[in-house]
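Containing mmCIF, C-alpha atoms: upload.cif.
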```cif
data_protein
loop_
_atom_site.group_PDB
_atom_site.id
_atom_site.type_symbol
_atom_site.label_atom_id
_atom_site.label_comp_id
_atom_site.auth_asym_id
_atom_site.auth_seq_id
_atom_site.Cartn_x
_atom_site.Cartn_y
_atom_site.Cartn_z
ATOM 1 C CA MET A 1 -6.317 -39.982 -13.223
ATOM 2 C CA ASP A 2 -9.925 -39.576 -14.306
ATOM 3 C CA ALA A 3 -11.980 -36.403 -14.694
ATOM 4 C CA GLN A 4 -13.569 -36.783 -11.245
ATOM 5 C CA ASP A 5 -10.138 -36.939 -9.567
ATOM 6 C CA ARG A 6 -8.934 -33.852 -11.467
ATOM 7 C CA LYS A 7 -12.056 -31.924 -10.471
ATOM 8 C CA ALA A 8 -11.650 -32.879 -6.798
ATOM 9 C CA ILE A 9 -8.037 -31.689 -6.744
ATOM 10 C CA MET A 10 -8.882 -28.449 -8.534
ATOM 11 C CA ASP A 11 -11.851 -27.723 -6.237
ATOM 12 C CA ASN A 12 -9.736 -28.379 -3.158
ATOM 13 C CA LEU A 13 -6.903 -26.170 -4.378
ATOM 14 C CA GLU A 14 -9.163 -23.296 -5.370
ATOM 15 C CA LYS A 15 -10.681 -23.283 -1.847
ATOM 16 C CA VAL A 16 -7.238 -23.025 -0.311
ATOM 17 C CA LEU A 17 -6.176 -20.288 -2.717
ATOM 18 C CA ALA A 18 -9.255 -18.301 -1.751
ATOM 19 C CA LYS A 19 -8.564 -18.808 1.952
ATOM 20 C CA VAL A 20 -4.952 -17.714 1.626
ATOM 21 C CA LYS A 21 -5.980 -14.492 -0.082
ATOM 22 C CA GLN A 22 -8.263 -13.727 2.868
ATOM 23 C CA ASP A 23 -5.899 -14.848 5.600
ATOM 24 C CA ARG A 24 -2.317 -14.039 4.645
ATOM 25 C CA VAL A 25 0.526 -15.757 6.464
ATOM 26 C CA THR A 26 3.382 -13.768 7.958
ATOM 27 C CA GLU A 27 6.880 -15.140 7.539
ATOM 28 C CA MET A 28 7.586 -17.672 10.270
ATOM 29 C CA PRO A 29 10.690 -16.953 12.381
ATOM 30 C CA ILE A 30 13.585 -19.332 12.749
ATOM 31 C CA ILE A 31 13.682 -20.145 16.450
ATOM 32 C CA ASP A 32 16.635 -22.474 16.698
ATOM 33 C CA HIS A 33 19.943 -22.883 14.874
ATOM 34 C CA PRO A 34 21.056 -26.433 15.608
ATOM 35 C CA ARG A 35 24.147 -28.085 14.271
ATOM 36 C CA PRO A 36 23.688 -30.890 11.726
ATOM 37 C CA MET A 37 22.642 -34.160 13.349
ATOM 38 C CA PRO A 38 25.368 -36.786 13.792
ATOM 39 C CA VAL A 39 25.265 -39.746 11.448
ATOM 40 C CA ASN A 40 24.389 -43.138 12.834
ATOM 41 C CA GLY A 41 26.974 -45.079 10.890
ATOM 42 C CA GLY A 42 25.342 -48.466 11.333
ATOM 43 C CA VAL A 43 22.024 -47.427 9.842
ATOM 44 C CA ALA A 44 23.483 -45.248 7.100
ATOM 45 C CA ASP A 45 26.098 -47.810 6.021
ATOM 46 C CA ARG A 46 23.578 -50.602 6.006
ATOM 47 C CA TYR A 47 21.260 -48.846 3.599
ATOM 48 C CA PHE A 48 23.410 -46.711 1.379
ATOM 49 C CA ALA A 49 27.142 -47.327 1.823
ATOM 50 C CA PRO A 50 28.343 -44.587 -0.548
ATOM 51 C CA ALA A 51 32.052 -44.409 -1.269
ATOM 52 C CA SER A 52 32.521 -41.045 0.439
ATOM 53 C CA LYS A 53 32.206 -40.165 4.110
ATOM 54 C CA PRO A 54 29.293 -38.061 5.393
ATOM 55 C CA VAL A 55 29.509 -34.421 4.337
ATOM 56 C CA VAL A 56 28.761 -31.721 6.900
ATOM 57 C CA VAL A 57 26.427 -29.143 5.387
ATOM 58 C CA ASP A 58 26.774 -25.445 6.188
ATOM 59 C CA GLU A 59 23.769 -24.391 8.243
ATOM 60 C CA ALA A 60 23.860 -20.862 6.807
ATOM 61 C CA ILE A 61 23.471 -22.247 3.265
ATOM 62 C CA LEU A 62 20.505 -24.366 4.320
ATOM 63 C CA GLU A 63 18.778 -21.375 5.895
ATOM 64 C CA ARG A 64 19.491 -19.214 2.848
ATOM 65 C CA HIS A 65 17.498 -21.700 0.762
ATOM 66 C CA ARG A 66 14.776 -22.105 3.417
ATOM 67 C CA ILE A 67 15.803 -25.663 4.299
ATOM 68 C CA LEU A 68 14.442 -25.788 7.845
ATOM 69 C CA ALA A 69 12.799 -29.176 8.379
ATOM 70 C CA HIS A 70 15.613 -30.466 10.598
ATOM 71 C CA HIS A 71 15.080 -27.747 13.217
ATOM 72 C CA VAL A 72 13.634 -28.866 16.528
ATOM 73 C CA ARG A 73 11.618 -25.895 17.838
ATOM 74 C CA SER A 74 10.384 -24.236 14.682
ATOM 75 C CA ARG A 75 6.970 -23.532 13.192
ATOM 76 C CA ASP A 76 8.549 -23.955 9.747
ATOM 77 C CA ALA A 77 9.729 -27.463 10.607
ATOM 78 C CA ASP A 78 6.295 -28.308 12.008
ATOM 79 C CA VAL A 79 4.753 -27.526 8.622
ATOM 80 C CA PHE A 80 6.924 -30.176 7.026
ATOM 81 C CA ARG A 81 6.214 -32.660 9.811
ATOM 82 C CA ILE A 82 2.526 -32.276 9.006
ATOM 83 C CA LEU A 83 3.231 -32.748 5.310
ATOM 84 C CA ARG A 84 5.414 -35.778 6.115
ATOM 85 C CA THR A 85 2.622 -37.386 8.111
ATOM 86 C CA GLN A 86 0.035 -36.816 5.406
ATOM 87 C CA VAL A 87 2.281 -38.120 2.630
ATOM 88 C CA LEU A 88 3.513 -41.173 4.535
ATOM 89 C CA GLN A 89 -0.005 -42.154 5.576
ATOM 90 C CA ILE A 90 -1.122 -42.239 1.952
ATOM 91 C CA MET A 91 2.016 -43.980 0.738
ATOM 92 C CA ASN A 92 2.057 -46.574 3.514
ATOM 93 C CA ARG A 93 -1.587 -47.490 3.000
ATOM 94 C CA SER A 94 -0.893 -48.186 -0.657
ATOM 95 C CA GLY A 95 2.565 -49.713 -0.224
ATOM 96 C CA PHE A 96 4.213 -46.902 -2.201
ATOM 97 C CA ARG A 97 7.972 -46.334 -1.941
ATOM 98 C CA THR A 98 8.538 -43.695 -4.643
ATOM 99 C CA LEU A 99 7.395 -40.066 -4.747
ATOM 100 C CA ALA A 100 7.971 -37.494 -7.502
ATOM 101 C CA ILE A 101 7.790 -33.803 -6.622
ATOM 102 C CA THR A 102 7.216 -31.377 -9.454
ATOM 103 C CA SER A 103 5.633 -28.007 -10.238
ATOM 104 C CA PRO A 104 4.284 -26.049 -13.205
ATOM 105 C CA HIS A 105 7.375 -23.815 -13.617
ATOM 106 C CA TYR A 106 10.821 -23.124 -12.277
ATOM 107 C CA GLY A 107 10.720 -20.924 -9.180
ATOM 108 C CA ASP A 108 7.627 -22.528 -7.660
ATOM 109 C CA GLY A 109 9.659 -24.094 -4.848
ATOM 110 C CA LYS A 110 9.758 -27.779 -5.787
ATOM 111 C CA THR A 111 13.401 -28.298 -4.749
ATOM 112 C CA THR A 112 12.845 -26.516 -1.440
ATOM 113 C CA ILE A 113 9.847 -28.734 -0.723
ATOM 114 C CA SER A 114 11.703 -31.870 -1.889
ATOM 115 C CA LEU A 115 14.695 -31.346 0.392
ATOM 116 C CA ASN A 116 12.652 -30.257 3.398
ATOM 117 C CA LEU A 117 10.302 -33.206 3.033
ATOM 118 C CA ALA A 118 13.205 -35.642 2.621
ATOM 119 C CA MET A 119 14.853 -34.298 5.786
ATOM 120 C CA SER A 120 11.597 -34.513 7.703
ATOM 121 C CA ILE A 121 10.973 -38.106 6.637
ATOM 122 C CA ALA A 122 14.561 -38.993 7.567
ATOM 123 C CA LEU A 123 13.815 -37.856 11.120
ATOM 124 C CA ASP A 124 11.348 -40.746 11.338
ATOM 125 C CA LEU A 125 13.366 -43.549 12.926
ATOM 126 C CA LYS A 126 11.480 -46.110 10.835
ATOM 127 C CA GLN A 127 12.473 -44.641 7.480
ATOM 128 C CA THR A 128 15.521 -44.021 5.347
ATOM 129 C CA VAL A 129 15.379 -41.634 2.395
ATOM 130 C CA LEU A 130 17.127 -41.239 -0.921
ATOM 131 C CA LEU A 131 16.588 -37.863 -2.580
ATOM 132 C CA ALA A 132 17.484 -37.872 -6.282
ATOM 133 C CA ASP A 133 17.824 -34.814 -8.517
ATOM 134 C CA LEU A 134 16.246 -35.720 -11.858
ATOM 135 C CA ASP A 135 16.388 -32.211 -13.293
ATOM 136 C CA LEU A 136 19.192 -33.189 -15.658
ATOM 137 C CA ARG A 137 19.085 -29.977 -17.708
ATOM 138 C CA LYS A 138 19.157 -27.551 -14.766
ATOM 139 C CA PRO A 139 20.386 -29.473 -11.713
ATOM 140 C CA ASN A 140 20.429 -27.454 -8.501
ATOM 141 C CA LEU A 141 19.738 -29.762 -5.557
ATOM 142 C CA HIS A 142 23.431 -29.754 -4.663
ATOM 143 C CA GLU A 143 23.445 -25.957 -4.511
ATOM 144 C CA TYR A 144 20.738 -25.982 -1.841
ATOM 145 C CA MET A 145 23.153 -27.936 0.363
ATOM 146 C CA GLY A 146 26.274 -26.021 -0.609
ATOM 147 C CA LEU A 147 27.808 -29.040 -2.353
ATOM 148 C CA ASP A 148 29.881 -29.141 -5.513
ATOM 149 C CA PRO A 149 29.770 -32.712 -6.817
ATOM 150 C CA THR A 150 31.864 -33.626 -9.837
ATOM 151 C CA ILE A 151 29.779 -36.664 -10.745
ATOM 152 C CA GLY A 152 26.167 -37.719 -10.425
ATOM 153 C CA LEU A 153 23.269 -39.484 -12.101
ATOM 154 C CA SER A 154 24.160 -38.386 -15.625
ATOM 155 C CA ASN A 155 27.625 -39.951 -15.228
ATOM 156 C CA TYR A 156 26.038 -43.212 -14.107
ATOM 157 C CA LEU A 157 23.589 -43.278 -17.014
ATOM 158 C CA LEU A 158 25.947 -42.178 -19.787
ATOM 159 C CA GLN A 159 29.415 -43.225 -18.657
ATOM 160 C CA GLY A 160 28.841 -46.236 -16.451
ATOM 161 C CA VAL A 161 30.224 -44.645 -13.273
ATOM 162 C CA PRO A 162 29.268 -46.889 -10.308
ATOM 163 C CA LEU A 163 26.200 -45.587 -8.547
ATOM 164 C CA LYS A 164 27.845 -45.700 -5.120
ATOM 165 C CA ASP A 165 30.429 -43.199 -6.383
ATOM 166 C CA CYS A 166 27.673 -40.782 -7.405
ATOM 167 C CA LEU A 167 25.946 -40.654 -4.030
ATOM 168 C CA ILE A 168 26.570 -37.910 -1.497
ATOM 169 C CA ARG A 169 25.588 -38.531 2.090
ATOM 170 C CA PRO A 170 24.919 -35.326 4.050
ATOM 171 C CA ALA A 171 25.631 -35.504 7.776
ATOM 172 C CA PHE A 172 22.001 -36.224 8.646
ATOM 173 C CA ASP A 173 20.782 -39.574 9.897
ATOM 174 C CA ARG A 174 19.071 -41.831 7.361
ATOM 175 C CA LEU A 175 19.339 -39.386 4.435
ATOM 176 C CA ASN A 176 21.285 -39.873 1.224
ATOM 177 C CA THR A 177 21.284 -37.848 -1.999
ATOM 178 C CA LEU A 178 21.881 -38.567 -5.662
ATOM 179 C CA PRO A 179 22.938 -35.371 -7.481
ATOM 180 C CA ALA A 180 22.037 -35.008 -11.138
ATOM 181 C CA GLY A 181 25.657 -34.610 -12.212
ATOM 182 C CA PRO A 182 26.762 -32.448 -15.153
ATOM 183 C CA ALA A 183 23.846 -30.924 -17.060
ATOM 184 C CA ILE A 184 22.918 -32.759 -20.259
ATOM 185 C CA GLU A 185 20.641 -32.255 -23.244
ATOM 186 C CA TYR A 186 18.151 -34.889 -24.426
ATOM 187 C CA SER A 187 17.266 -35.372 -20.780
ATOM 188 C CA SER A 188 13.776 -36.743 -21.422
ATOM 189 C CA GLU A 189 15.201 -39.464 -23.660
ATOM 190 C CA ILE A 190 17.675 -40.404 -20.916
ATOM 191 C CA LEU A 191 15.016 -40.447 -18.191
ATOM 192 C CA GLY A 192 12.789 -42.593 -20.393
ATOM 193 C CA SER A 193 15.565 -45.070 -21.212
ATOM 194 C CA PRO A 194 15.604 -48.760 -20.169
ATOM 195 C CA LYS A 195 18.698 -48.128 -18.022
ATOM 196 C CA MET A 196 16.871 -45.468 -16.021
ATOM 197 C CA ALA A 197 13.846 -47.736 -15.642
ATOM 198 C CA THR A 198 16.099 -50.496 -14.332
ATOM 199 C CA LEU A 199 17.714 -48.115 -11.861
ATOM 200 C CA ALA A 200 14.336 -46.847 -10.635
ATOM 201 C CA HIS A 201 13.203 -50.426 -10.022
ATOM 202 C CA GLU A 202 16.424 -51.220 -8.158
ATOM 203 C CA LEU A 203 16.147 -48.140 -5.952
ATOM 204 C CA LYS A 204 12.535 -48.951 -5.102
ATOM 205 C CA THR A 205 12.952 -52.617 -4.285
ATOM 206 C CA ARG A 206 16.372 -52.979 -2.656
ATOM 207 C CA TYR A 207 15.421 -51.793 0.844
ATOM 208 C CA PRO A 208 11.903 -52.180 2.279
ATOM 209 C CA ASP A 209 12.001 -49.098 4.519
ATOM 210 C CA ARG A 210 13.570 -46.646 2.079
ATOM 211 C CA ILE A 211 11.508 -43.845 0.528
ATOM 212 C CA ILE A 212 12.733 -42.556 -2.836
ATOM 213 C CA ILE A 213 11.980 -38.899 -3.556
ATOM 214 C CA TYR A 214 12.591 -37.592 -7.065
ATOM 215 C CA ASP A 215 13.025 -33.839 -7.530
ATOM 216 C CA MET A 216 11.593 -33.590 -11.040
ATOM 217 C CA PRO A 217 11.749 -30.825 -13.663
ATOM 218 C CA PRO A 218 8.674 -28.573 -13.965
ATOM 219 C CA VAL A 219 5.799 -30.114 -15.884
ATOM 220 C CA LEU A 220 5.181 -27.159 -18.198
ATOM 221 C CA ALA A 221 8.859 -26.403 -18.865
ATOM 222 C CA GLN A 222 9.799 -29.694 -20.547
ATOM 223 C CA ASP A 223 8.594 -33.252 -21.028
ATOM 224 C CA ASP A 224 11.074 -34.971 -18.672
ATOM 225 C CA SER A 225 8.502 -35.495 -15.912
ATOM 226 C CA SER A 226 6.056 -37.137 -18.301
ATOM 227 C CA ALA A 227 8.792 -39.433 -19.609
ATOM 228 C CA PHE A 228 9.693 -40.673 -16.128
ATOM 229 C CA MET A 229 6.246 -40.859 -14.493
ATOM 230 C CA PRO A 230 5.657 -44.541 -15.390
ATOM 231 C CA GLN A 231 8.449 -45.337 -12.879
ATOM 232 C CA VAL A 232 6.823 -43.372 -10.040
ATOM 233 C CA GLU A 233 4.038 -44.463 -7.717
ATOM 234 C CA ALA A 234 2.944 -41.089 -6.312
ATOM 235 C CA VAL A 235 3.241 -37.421 -7.287
ATOM 236 C CA LEU A 236 3.172 -34.239 -5.206
ATOM 237 C CA LEU A 237 2.504 -31.025 -7.110
ATOM 238 C CA VAL A 238 3.986 -27.749 -5.805
ATOM 239 C CA VAL A 239 2.243 -24.522 -6.809
ATOM 240 C CA ARG A 240 2.836 -20.920 -5.798
ATOM 241 C CA ASP A 241 0.217 -18.558 -4.514
ATOM 242 C CA GLY A 242 -0.147 -15.475 -6.668
ATOM 243 C CA VAL A 243 1.938 -16.995 -9.453
ATOM 244 C CA THR A 244 0.338 -20.276 -10.512
ATOM 245 C CA HIS A 245 -2.912 -19.863 -12.457
ATOM 246 C CA THR A 246 -5.815 -22.279 -12.514
ATOM 247 C CA GLU A 247 -5.350 -22.879 -16.240
ATOM 248 C CA GLU A 248 -1.728 -23.895 -15.611
ATOM 249 C CA LEU A 249 -2.868 -26.405 -13.005
ATOM 250 C CA LYS A 250 -5.270 -27.912 -15.489
ATOM 251 C CA ARG A 251 -2.472 -28.224 -18.051
ATOM 252 C CA CYS A 252 -0.237 -29.880 -15.455
ATOM 253 C CA LEU A 253 -2.871 -32.478 -14.621
ATOM 254 C CA GLU A 254 -3.440 -33.151 -18.307
ATOM 255 C CA ARG A 255 0.282 -33.687 -18.928
ATOM 256 C CA LEU A 256 0.629 -35.903 -15.884
ATOM 257 C CA GLY A 257 -2.058 -38.086 -17.424
ATOM 258 C CA ASN A 258 -2.518 -41.263 -15.376
ATOM 259 C CA ALA A 259 0.047 -40.301 -12.724
ATOM 260 C CA ASN A 260 -1.157 -40.770 -9.147
ATOM 261 C CA VAL A 261 -1.263 -37.179 -7.877
ATOM 262 C CA ILE A 262 -1.762 -37.587 -4.116
ATOM 263 C CA GLY A 263 -1.802 -33.907 -3.192
ATOM 264 C CA THR A 264 -0.719 -30.337 -3.757
ATOM 265 C CA VAL A 265 1.565 -28.081 -1.724
ATOM 266 C CA LEU A 266 0.755 -24.379 -1.858
ATOM 267 C CA ASN A 267 3.940 -22.322 -1.553
ATOM 268 C CA ASP A 268 3.179 -18.625 -1.130
ATOM 269 C CA THR A 269 5.026 -15.572 -2.348
ATOM 270 C CA ARG A 270 6.778 -14.856 0.945
ATOM 271 C CA ASP A 271 8.508 -18.222 1.261
ATOM 272 C CA THR A 272 5.991 -19.703 3.649
ATOM 273 C CA THR A 273 4.125 -22.869 2.900
ATOM 274 C CA ARG A 274 0.543 -24.002 3.184
ATOM 275 C CA ILE A 275 -0.504 -27.558 2.588
ATOM 276 C CA VAL A 276 -3.500 -28.662 0.591
ATOM 277 C CA ARG A 277 -4.442 -31.861 2.343
ATOM 278 C CA PRO A 278 -3.612 -34.735 -0.024
ATOM 279 C CA LYS A 279 -6.628 -36.620 -1.278
ATOM 280 C CA ARG A 280 -6.271 -40.356 -1.367
ATOM 281 C CA ARG A 281 -7.096 -41.594 -4.823
ATOM 282 C CA LYS A 282 -8.169 -44.988 -5.942
ATOM 283 C CA VAL A 283 -5.152 -46.847 -7.267
ATOM 284 C CA ARG A 284 -5.680 -48.576 -10.559
#
```
Please express what this file holds, its structure, as structure tokens.
Amino acid sequence: MDAQDRKAIMDNLEKVLAKVKQDRVTEMPIIDHPRPMPVNGGVADRYFAPASKPVVVDEAILERHRILAHHVRSRDADVFRILRTQVLQIMNRSGFRTLAITSPHYGDGKTTISLNLAMSIALDLKQTVLLADLDLRKPNLHEYMGLDPTIGLSNYLLQGVPLKDCLIRPAFDRLNTLPAGPAIEYSSEILGSPKMATLAHELKTRYPDRIIIYDMPPVLAQDDSSAFMPQVEAVLLVVRDGVTHTEELKRCLERLGNANVIGTVLNDTRDTTRIVRPKRRKVR
């Protein structure tokens, strides 16, 4: 990412920040409370075939963590449909299959955005999605779905547990998840290892209509994201209104280096979300 790209992203974000301060958003109500969608076994088995059966997720737990993208008549879900469209348009034009979602710090909302976006993309009948938790020091994706997995990615990388045994398939069509597994130290070394690079390549190339979303650790908290970015084709940066400072954004972009940052999601202090329209960048 060159200096011109960084400046364009910063200018765009600062305009949105200024607009939000002038035009605050009230919390959007939850209109519907649907049950989890049934799993289409043929599609799900064809693409993922995990060892376990689909797991029904408690709707109350999803709502507690603001996971709302699967709702039908909801302004919250519409926000993520808009984000889905913008992201997929950029990724499809460039032939991208992998997307990393990160933020400056913990608490900015990256996991909420990751799971909502994954669910929204999975609603697209043309796509399947694998959402992987790569925050190996502080894994929490499973908590957002009320799951308690005993094994995950760290077991695959360090102990040779078969990948299919690490996957958990929520009872939503075309969505599968890869929990991080037990927390580990030296996570950046693991994420930068040849075995992880091989896995990332396998996940990206096995199925032509599968999108891989990586819920990454915060950029300014540790160096894990930087270690794994060579395996990722696109990056979405989540920031929080009233919390994230311009200087922190600059530091994030510097640490991401040549990563292809396609856009920024502005998550405000009252758990609503505004989208900074992703800017398509020239791919080198």
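Distance check against Glu185 in chain A using all atoms listed in the file: of A:Gln86, A:Thr150, A:Thr102, A:Gln222, the minimum falls on A:Gln222.
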Atom pair CA of Met91 in chain A + CA of Leu123 in chain A, distance 16.9 Å
Range 74-90 of chain A: axis-aligned bounding box, 4 Å on each side, centre and edge lengths in Å, one decimal, as AutoDock Vina command-line options:
```
--center_x 4.6 --center_y -32.9 --center_z 8.3 --size_x 19.5 --size_y 26.7 --size_z 20.7
```
* To do: Starting from the shown file, work through the PyMOL selection byres ((chain A and resi 234-239) around 9) and note down what comes out as a PyMOL selection string.
  => chain A and resi 87+91+96-105+108-110+113+229+232-233+240-241+243-245+249+252+259-268+278
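Here CA of Glu202 in chain A is placed at a distance of 23.5 Å from CA of Ser120 in chain A.
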Open item on the list: Would you pick out the contacts of range 177-182 of chain A at 9 Å or less, using only C-alpha atoms, so that residues sharing its chain but fewer than 6 positions from it are not included, and give the list as a list in words?
Closed with: Val129, Leu130, Leu131, Ala132, Asp133, Leu134, Asp135, Leu136, Arg137, Lys138, Pro139, Asn140, Leu141, His142, Pro149, Thr150, Ile151, Gly152, Leu153, Ser154, Asn155, Tyr156, Leu163, Cys166, Leu167, Ile168, Arg169 and Pro170 of chain A
Got a sec to resolve the PyMOL selection byres ((chain A and resi 125) around 12) on this structure and send the residues as an NGL selection string?
:A and (40 or 43-44 or 119-124 or 126-129 or 173-175 or 209-210)
If we count all atoms listed in the file, what is near Phe80 in chain A at a cut-off of 8 Å, once residues fewer than 6 positions away on the same chain are taken out, given as a PDB file with C-alpha atoms, in the frame of the given file?
```
ATOM      1  CA  ALA A  69      12.799 -29.176   8.379  1.00  0.00           C
ATOM      2  CA  ASN A 116      12.652 -30.257   3.398  1.00  0.00           C
ATOM      3  CA  LEU A 117      10.302 -33.206   3.033  1.00  0.00           C
ATOM      4  CA  SER A 120      11.597 -34.513   7.703  1.00  0.00           C
TER       5      SER A 120
END
```
**Asked** Given the file above and the PyMOL selection byres ((chain A and resi 77) around 10), which residues are selected, and can you give them as a PyMOL selection string?
**Response** chain A and resi 30+67-76+78-83+116-117+119-120
